[in-house]
Amino acid sequence: MAVEIMDLVWSQKYRPTKVEDCALPDNLSKILLQTIKDGQIPNYLFHSNSPGVGKTTVALALAEQLDASVLNINGSLDKNIDTLRGEITSFCSAFDMDGRRKIVLIDEADYLNVNSTQPALRHFIEKFSKSSSFIFTCNYPNKLIPALRGRFVQQSFDFETKDKNNLMMQMLERACWILDQEEVK
């Protein structure tokens, strides 16, 4: 029996698929859980000064719980406007047989070209607003043009000191749960 690579990489195998399983402060968790309850997802800009704090994981968990179709784009790699124009237009304008909401997730959106890609994305966000939502993740939200930033509900992942002990406990509990799943003593 072949071993899947995803079974070996625990960070992927155990990546949370529900917002409730993500280590988040209560205030942010409540906002995202209300989004799921409402079944309506606004355009979100998840930002933090630190990489690796869970922005992408939370975005994917949110999409999973809303049963949305997702187009995942890496803004630092796929920043060519023609590539984005084709991918986003094809994805957002295609009919979803299940009638699911579509989410365009652009990771590292702060690396998108300020002169071509970012202004063009304003148009896509408006054009496809009836069928699609956009989630951007970034570490430098000030690198996004104000006209683009203004189209998003901004959620900071720079957590306050008072939340850090609780977040560390959540992470420790998750790590212990993973070790139990893997039968590691």
# chains A, B, ... in the order shown; residues from 1 in each chain; ligands from 1
>>> closest_atom_pairs(of="region 91-177 of chain A", to="region 69-75 of chain A", cutoff="10 Å", atoms="only C-alpha atoms", output="JSON lines")
{"residue": "A:Phe91", "atom": "CA", "partner": "A:Leu71", "partner_atom": "CA", "distance": 7.1}
{"residue": "A:Cys92", "atom": "CA", "partner": "A:Leu71", "partner_atom": "CA", "distance": 9.0}
{"residue": "A:Asp96", "atom": "CA", "partner": "A:Ser69", "partner_atom": "CA", "distance": 8.3}
{"residue": "A:Asp98", "atom": "CA", "partner": "A:Ser69", "partner_atom": "CA", "distance": 9.7}
{"residue": "A:Gly99", "atom": "CA", "partner": "A:Ser69", "partner_atom": "CA", "distance": 9.6}
{"residue": "A:Arg100", "atom": "CA", "partner": "A:Ser69", "partner_atom": "CA", "distance": 6.5}
{"residue": "A:Arg101", "atom": "CA", "partner": "A:Ser69", "partner_atom": "CA", "distance": 6.4}
{"residue": "A:Lys102", "atom": "CA", "partner": "A:Ser69", "partner_atom": "CA", "distance": 4.7}
{"residue": "A:Ile103", "atom": "CA", "partner": "A:Val70", "partner_atom": "CA", "distance": 4.9}
{"residue": "A:Val104", "atom": "CA", "partner": "A:Leu71", "partner_atom": "CA", "distance": 4.9}
{"residue": "A:Leu105", "atom": "CA", "partner": "A:Asn72", "partner_atom": "CA", "distance": 4.8}
{"residue": "A:Ile106", "atom": "CA", "partner": "A:Ile73", "partner_atom": "CA", "distance": 4.8}
{"residue": "A:Asp107", "atom": "CA", "partner": "A:Asn74", "partner_atom": "CA", "distance": 4.9}
{"residue": "A:Glu108", "atom": "CA", "partner": "A:Gly75", "partner_atom": "CA", "distance": 5.0}
{"residue": "A:Ala109", "atom": "CA", "partner": "A:Gly75", "partner_atom": "CA", "distance": 4.8}
{"residue": "A:Asp110", "atom": "CA", "partner": "A:Gly75", "partner_atom": "CA", "distance": 7.3}
{"residue": "A:Tyr111", "atom": "CA", "partner": "A:Gly75", "partner_atom": "CA", "distance": 5.7}
{"residue": "A:Leu112", "atom": "CA", "partner": "A:Gly75", "partner_atom": "CA", "distance": 5.6}
{"residue": "A:Asn113", "atom": "CA", "partner": "A:Gly75", "partner_atom": "CA", "distance": 9.1}
{"residue": "A:Thr117", "atom": "CA", "partner": "A:Gly75", "partner_atom": "CA", "distance": 9.9}
{"residue": "A:Ser132", "atom": "CA", "partner": "A:Ser69", "partner_atom": "CA", "distance": 9.2}
{"residue": "A:Ser133", "atom": "CA", "partner": "A:Val70", "partner_atom": "CA", "distance": 9.7}
{"residue": "A:Phe134", "atom": "CA", "partner": "A:Leu71", "partner_atom": "CA", "distance": 9.6}
{"residue": "A:Ile135", "atom": "CA", "partner": "A:Asn72", "partner_atom": "CA", "distance": 9.6}
{"residue": "A:Phe136", "atom": "CA", "partner": "A:Gly75", "partner_atom": "CA", "distance": 9.1}
{"residue": "A:Thr137", "atom": "CA", "partner": "A:Gly75", "partner_atom": "CA", "distance": 9.2}
{"residue": "A:Cys138", "atom": "CA", "partner": "A:Gly75", "partner_atom": "CA", "distance": 9.2}
>>> select_by_dssp(residues="chain A", states="alpha helix (DSSP H)", output="ChimeraX atom specification")
/A:5-8,10-13,26-38,55-65,81-93,117-127,146-149,161-181
>>> atom_distance(atom1="CA of Phe159 (chain A)", atom2="CA of Ile178 (chain A)")
24.1 Å
>>> select_by_dssp(residues="chain A", states="strand (DSSP E)", output="PyMOL selection string")
chain A and resi 44-47+69-74+102-107+132-138+153-156
>>> residues_around(residues="region 147-153 of chain A", least_positions_apart="3", cutoff="9 Å", atoms="only C-alpha atoms", output="PDB file with N, CA and C atoms, in the first residue's frame")
ATOM      1  N   PRO A  42     -18.678  38.036   3.051  1.00  0.00           N
ATOM      2  CA  PRO A  42     -18.239  39.285   2.428  1.00  0.00           C
ATOM      3  C   PRO A  42     -16.851  39.089   1.822  1.00  0.00           C
ATOM      4  N   ASN A  43     -16.368  40.089   1.149  1.00  0.00           N
ATOM      5  CA  ASN A  43     -14.973  40.070   0.713  1.00  0.00           C
ATOM      6  C   ASN A  43     -14.134  40.350   1.953  1.00  0.00           C
ATOM      7  N   TYR A  44     -13.210  39.448   2.249  1.00  0.00           N
ATOM      8  CA  TYR A  44     -12.372  39.584   3.435  1.00  0.00           C
ATOM      9  C   TYR A  44     -10.925  39.864   3.040  1.00  0.00           C
ATOM     10  N   LEU A  45     -10.288  40.710   3.828  1.00  0.00           N
ATOM     11  CA  LEU A  45      -8.841  40.921   3.745  1.00  0.00           C
ATOM     12  C   LEU A  45      -8.265  40.490   5.083  1.00  0.00           C
ATOM     13  N   PHE A  46      -7.609  39.326   5.097  1.00  0.00           N
ATOM     14  CA  PHE A  46      -6.958  38.813   6.301  1.00  0.00           C
ATOM     15  C   PHE A  46      -5.507  39.265   6.251  1.00  0.00           C
ATOM     16  N   GLN A 118      -3.778  45.226  -9.459  1.00  0.00           N
ATOM     17  CA  GLN A 118      -4.659  45.711  -8.390  1.00  0.00           C
ATOM     18  C   GLN A 118      -5.807  46.569  -8.920  1.00  0.00           C
ATOM     19  N   PRO A 119      -5.553  47.542  -9.808  1.00  0.00           N
ATOM     20  CA  PRO A 119      -6.697  48.309 -10.334  1.00  0.00           C
ATOM     21  C   PRO A 119      -7.694  47.425 -11.100  1.00  0.00           C
ATOM     22  N   LEU A 121      -8.373  44.280 -10.522  1.00  0.00           N
ATOM     23  CA  LEU A 121      -9.130  43.441  -9.596  1.00  0.00           C
ATOM     24  C   LEU A 121     -10.357  44.152  -9.036  1.00  0.00           C
ATOM     25  N   ARG A 122     -10.303  45.479  -8.935  1.00  0.00           N
ATOM     26  CA  ARG A 122     -11.487  46.220  -8.478  1.00  0.00           C
ATOM     27  C   ARG A 122     -12.676  45.894  -9.373  1.00  0.00           C
ATOM     28  N   ILE A 125     -14.013  42.276  -8.790  1.00  0.00           N
ATOM     29  CA  ILE A 125     -14.756  42.176  -7.524  1.00  0.00           C
ATOM     30  C   ILE A 125     -16.185  42.676  -7.713  1.00  0.00           C
ATOM     31  N   GLU A 126     -16.341  43.778  -8.419  1.00  0.00           N
ATOM     32  CA  GLU A 126     -17.677  44.323  -8.671  1.00  0.00           C
ATOM     33  C   GLU A 126     -18.456  43.482  -9.681  1.00  0.00           C
ATOM     34  N   PHE A 134     -14.323  37.404  -2.596  1.00  0.00           N
ATOM     35  CA  PHE A 134     -12.865  37.414  -2.678  1.00  0.00           C
ATOM     36  C   PHE A 134     -12.302  37.450  -1.268  1.00  0.00           C
ATOM     37  N   ILE A 135     -11.287  36.634  -1.037  1.00  0.00           N
ATOM     38  CA  ILE A 135     -10.539  36.695   0.209  1.00  0.00           C
ATOM     39  C   ILE A 135      -9.077  36.910  -0.169  1.00  0.00           C
ATOM     40  N   PHE A 136      -8.523  37.970   0.355  1.00  0.00           N
ATOM     41  CA  PHE A 136      -7.099  38.240   0.164  1.00  0.00           C
ATOM     42  C   PHE A 136      -6.397  37.995   1.492  1.00  0.00           C
ATOM     43  N   PRO A 141      -0.775  45.082   4.251  1.00  0.00           N
ATOM     44  CA  PRO A 141      -1.991  45.606   3.624  1.00  0.00           C
ATOM     45  C   PRO A 141      -1.797  46.998   3.027  1.00  0.00           C
ATOM     46  N   ASN A 142      -0.828  47.755   3.534  1.00  0.00           N
ATOM     47  CA  ASN A 142      -0.579  49.092   2.977  1.00  0.00           C
ATOM     48  C   ASN A 142      -0.020  49.027   1.550  1.00  0.00           C
ATOM     49  N   LEU A 144      -1.506  47.353  -0.728  1.00  0.00           N
ATOM     50  CA  LEU A 144      -2.696  47.288  -1.578  1.00  0.00           C
ATOM     51  C   LEU A 144      -3.226  48.701  -1.762  1.00  0.00           C
TER      52      LEU A 144
END
>>> residues_around(residues="Phe157 (chain A)", least_positions_apart="4", cutoff="7 Å", atoms="only C-alpha atoms", output="list in words")
Phe46, His47, Ser48 and Val53 of chain A
>>> residues_around(residues="Lys164 (chain A)", least_positions_apart="3", cutoff="12 Å", atoms="only C-alpha atoms", output="PDB file with N, CA and C atoms, in the first residue's frame")
ATOM      1  N   ALA A  23      -6.863  28.063  15.837  1.00  0.00           N
ATOM      2  CA  ALA A  23      -6.489  28.813  17.044  1.00  0.00           C
ATOM      3  C   ALA A  23      -6.701  30.293  16.761  1.00  0.00           C
ATOM      4  N   LEU A  24      -7.787  30.833  17.324  1.00  0.00           N
ATOM      5  CA  LEU A  24      -8.164  32.224  17.079  1.00  0.00           C
ATOM      6  C   LEU A  24      -8.639  32.872  18.366  1.00  0.00           C
ATOM      7  N   PRO A  25      -8.459  34.190  18.471  1.00  0.00           N
ATOM      8  CA  PRO A  25      -9.050  34.888  19.611  1.00  0.00           C
ATOM      9  C   PRO A  25     -10.579  34.827  19.510  1.00  0.00           C
ATOM     10  N   ASP A  26     -11.244  34.904  20.644  1.00  0.00           N
ATOM     11  CA  ASP A  26     -12.700  34.786  20.681  1.00  0.00           C
ATOM     12  C   ASP A  26     -13.407  35.781  19.763  1.00  0.00           C
ATOM     13  N   VAL A  53       0.500  32.704  10.608  1.00  0.00           N
ATOM     14  CA  VAL A  53      -0.402  32.809  11.764  1.00  0.00           C
ATOM     15  C   VAL A  53      -1.790  32.222  11.496  1.00  0.00           C
ATOM     16  N   PHE A 157      -4.873  39.677  11.859  1.00  0.00           N
ATOM     17  CA  PHE A 157      -4.393  38.475  12.537  1.00  0.00           C
ATOM     18  C   PHE A 157      -3.178  38.819  13.396  1.00  0.00           C
ATOM     19  N   ASP A 158      -3.023  40.096  13.722  1.00  0.00           N
ATOM     20  CA  ASP A 158      -2.018  40.537  14.691  1.00  0.00           C
ATOM     21  C   ASP A 158      -2.726  40.552  16.037  1.00  0.00           C
ATOM     22  N   PHE A 159      -2.564  39.479  16.776  1.00  0.00           N
ATOM     23  CA  PHE A 159      -3.346  39.283  17.983  1.00  0.00           C
ATOM     24  C   PHE A 159      -2.762  40.052  19.159  1.00  0.00           C
ATOM     25  N   GLU A 160      -3.653  40.488  20.017  1.00  0.00           N
ATOM     26  CA  GLU A 160      -3.261  41.267  21.186  1.00  0.00           C
ATOM     27  C   GLU A 160      -2.572  40.372  22.210  1.00  0.00           C
ATOM     28  N   THR A 161      -1.736  40.982  23.013  1.00  0.00           N
ATOM     29  CA  THR A 161      -0.994  40.255  24.047  1.00  0.00           C
ATOM     30  C   THR A 161      -1.931  39.481  24.960  1.00  0.00           C
ATOM     31  N   LEU A 167      -4.288  31.539  22.931  1.00  0.00           N
ATOM     32  CA  LEU A 167      -3.925  30.964  21.635  1.00  0.00           C
ATOM     33  C   LEU A 167      -2.859  29.885  21.787  1.00  0.00           C
ATOM     34  N   MET A 168      -1.894  30.106  22.682  1.00  0.00           N
ATOM     35  CA  MET A 168      -0.864  29.093  22.926  1.00  0.00           C
ATOM     36  C   MET A 168      -1.489  27.821  23.498  1.00  0.00           C
ATOM     37  N   MET A 169      -2.477  27.973  24.370  1.00  0.00           N
ATOM     38  CA  MET A 169      -3.159  26.803  24.935  1.00  0.00           C
ATOM     39  C   MET A 169      -3.944  26.056  23.850  1.00  0.00           C
ATOM     40  N   GLN A 170      -4.586  26.800  22.964  1.00  0.00           N
ATOM     41  CA  GLN A 170      -5.307  26.169  21.861  1.00  0.00           C
ATOM     42  C   GLN A 170      -4.348  25.369  20.974  1.00  0.00           C
ATOM     43  N   MET A 171      -3.187  25.963  20.700  1.00  0.00           N
ATOM     44  CA  MET A 171      -2.186  25.278  19.868  1.00  0.00           C
ATOM     45  C   MET A 171      -1.653  24.031  20.573  1.00  0.00           C
TER      46      MET A 171
END
>>> atom_distance(atom1="CA of Pro16 (chain A)", atom2="CA of Glu173 (chain A)")
13.1 Å
>>> closest_residue(among="A:Ala61, A:Ile31, A:Ala120, A:Ala68", to="Gln154 (chain A)", atoms="only C-alpha atoms")
A:Ile31
>>> decode(residues="region 89-159 of chain A", atoms="C-alpha atoms", output="JSON list (two decimals), in the first residue's frame")
[["chain", "number", "residue", "atom", "x", "y", "z"],
["A", 89, "THR", "CA", -13.04, 35.25, -15.42],
["A", 90, "SER", "CA", -13.21, 31.53, -16.24],
["A", 91, "PHE", "CA", -13.81, 30.55, -12.62],
["A", 92, "CYS", "CA", -16.32, 33.25, -11.70],
["A", 93, "SER", "CA", -18.33, 33.18, -14.91],
["A", 94, "ALA", "CA", -18.63, 29.38, -15.12],
["A", 95, "PHE", "CA", -21.92, 27.91, -13.95],
["A", 96, "ASP", "CA", -21.64, 25.84, -10.77],
["A", 97, "MET", "CA", -23.84, 22.75, -11.12],
["A", 98, "ASP", "CA", -24.47, 22.73, -7.36],
["A", 99, "GLY", "CA", -25.23, 26.46, -7.20],
["A", 100, "ARG", "CA", -22.43, 26.99, -4.69],
["A", 101, "ARG", "CA", -20.94, 30.36, -3.90],
["A", 102, "LYS", "CA", -17.47, 30.87, -5.34],
["A", 103, "ILE", "CA", -14.50, 32.21, -3.45],
["A", 104, "VAL", "CA", -11.39, 33.60, -5.10],
["A", 105, "LEU", "CA", -8.62, 33.27, -2.53],
["A", 106, "ILE", "CA", -5.54, 35.30, -3.34],
["A", 107, "ASP", "CA", -2.69, 34.54, -0.95],
["A", 108, "GLU", "CA", 0.08, 37.10, -0.64],
["A", 109, "ALA", "CA", -2.09, 39.68, -2.39],
["A", 110, "ASP", "CA", 0.33, 42.40, -1.31],
["A", 111, "TYR", "CA", 2.67, 41.20, -4.09],
["A", 112, "LEU", "CA", 0.17, 41.91, -6.88],
["A", 113, "ASN", "CA", 1.26, 44.62, -9.30],
["A", 114, "VAL", "CA", 0.08, 48.02, -8.08],
["A", 115, "ASN", "CA", -0.13, 49.53, -11.57],
["A", 116, "SER", "CA", -1.99, 46.83, -13.48],
["A", 117, "THR", "CA", -3.31, 43.91, -11.44],
["A", 118, "GLN", "CA", -4.66, 45.71, -8.39],
["A", 119, "PRO", "CA", -6.70, 48.31, -10.33],
["A", 120, "ALA", "CA", -8.07, 45.55, -12.59],
["A", 121, "LEU", "CA", -9.13, 43.44, -9.60],
["A", 122, "ARG", "CA", -11.49, 46.22, -8.48],
["A", 123, "HIS", "CA", -13.48, 45.58, -11.65],
["A", 124, "PHE", "CA", -13.57, 41.78, -11.11],
["A", 125, "ILE", "CA", -14.76, 42.18, -7.52],
["A", 126, "GLU", "CA", -17.68, 44.32, -8.67],
["A", 127, "LYS", "CA", -18.45, 42.35, -11.83],
["A", 128, "PHE", "CA", -18.70, 38.99, -10.06],
["A", 129, "SER", "CA", -20.15, 40.14, -6.73],
["A", 130, "LYS", "CA", -23.42, 38.24, -7.23],
["A", 131, "SER", "CA", -21.74, 34.83, -7.55],
["A", 132, "SER", "CA", -18.32, 35.24, -5.98],
["A", 133, "SER", "CA", -16.53, 36.54, -2.93],
["A", 134, "PHE", "CA", -12.87, 37.41, -2.68],
["A", 135, "ILE", "CA", -10.54, 36.70, 0.21],
["A", 136, "PHE", "CA", -7.10, 38.24, 0.16],
["A", 137, "THR", "CA", -4.35, 37.34, 2.61],
["A", 138, "CYS", "CA", -1.31, 39.52, 3.06],
["A", 139, "ASN", "CA", 1.37, 40.69, 5.45],
["A", 140, "TYR", "CA", 1.54, 44.28, 4.19],
["A", 141, "PRO", "CA", -1.99, 45.61, 3.62],
["A", 142, "ASN", "CA", -0.58, 49.09, 2.98],
["A", 143, "LYS", "CA", 0.86, 47.69, -0.30],
["A", 144, "LEU", "CA", -2.70, 47.29, -1.58],
["A", 145, "ILE", "CA", -4.13, 50.38, -3.22],
["A", 146, "PRO", "CA", -6.79, 52.10, -1.07],
["A", 147, "ALA", "CA", -9.48, 51.64, -3.75],
["A", 148, "LEU", "CA", -8.94, 47.88, -3.54],
["A", 149, "ARG", "CA", -8.60, 47.70, 0.26],
["A", 150, "GLY", "CA", -11.87, 49.61, 0.58],
["A", 151, "ARG", "CA", -13.77, 46.74, -1.03],
["A", 152, "PHE", "CA", -12.91, 44.35, 1.81],
["A", 153, "VAL", "CA", -13.87, 43.73, 5.40],
["A", 154, "GLN", "CA", -10.44, 43.81, 7.04],
["A", 155, "GLN", "CA", -9.56, 41.31, 9.75],
["A", 156, "SER", "CA", -6.23, 41.61, 11.51],
["A", 157, "PHE", "CA", -4.39, 38.47, 12.54],
["A", 158, "ASP", "CA", -2.02, 40.54, 14.69],
["A", 159, "PHE", "CA", -3.35, 39.28, 17.98]]
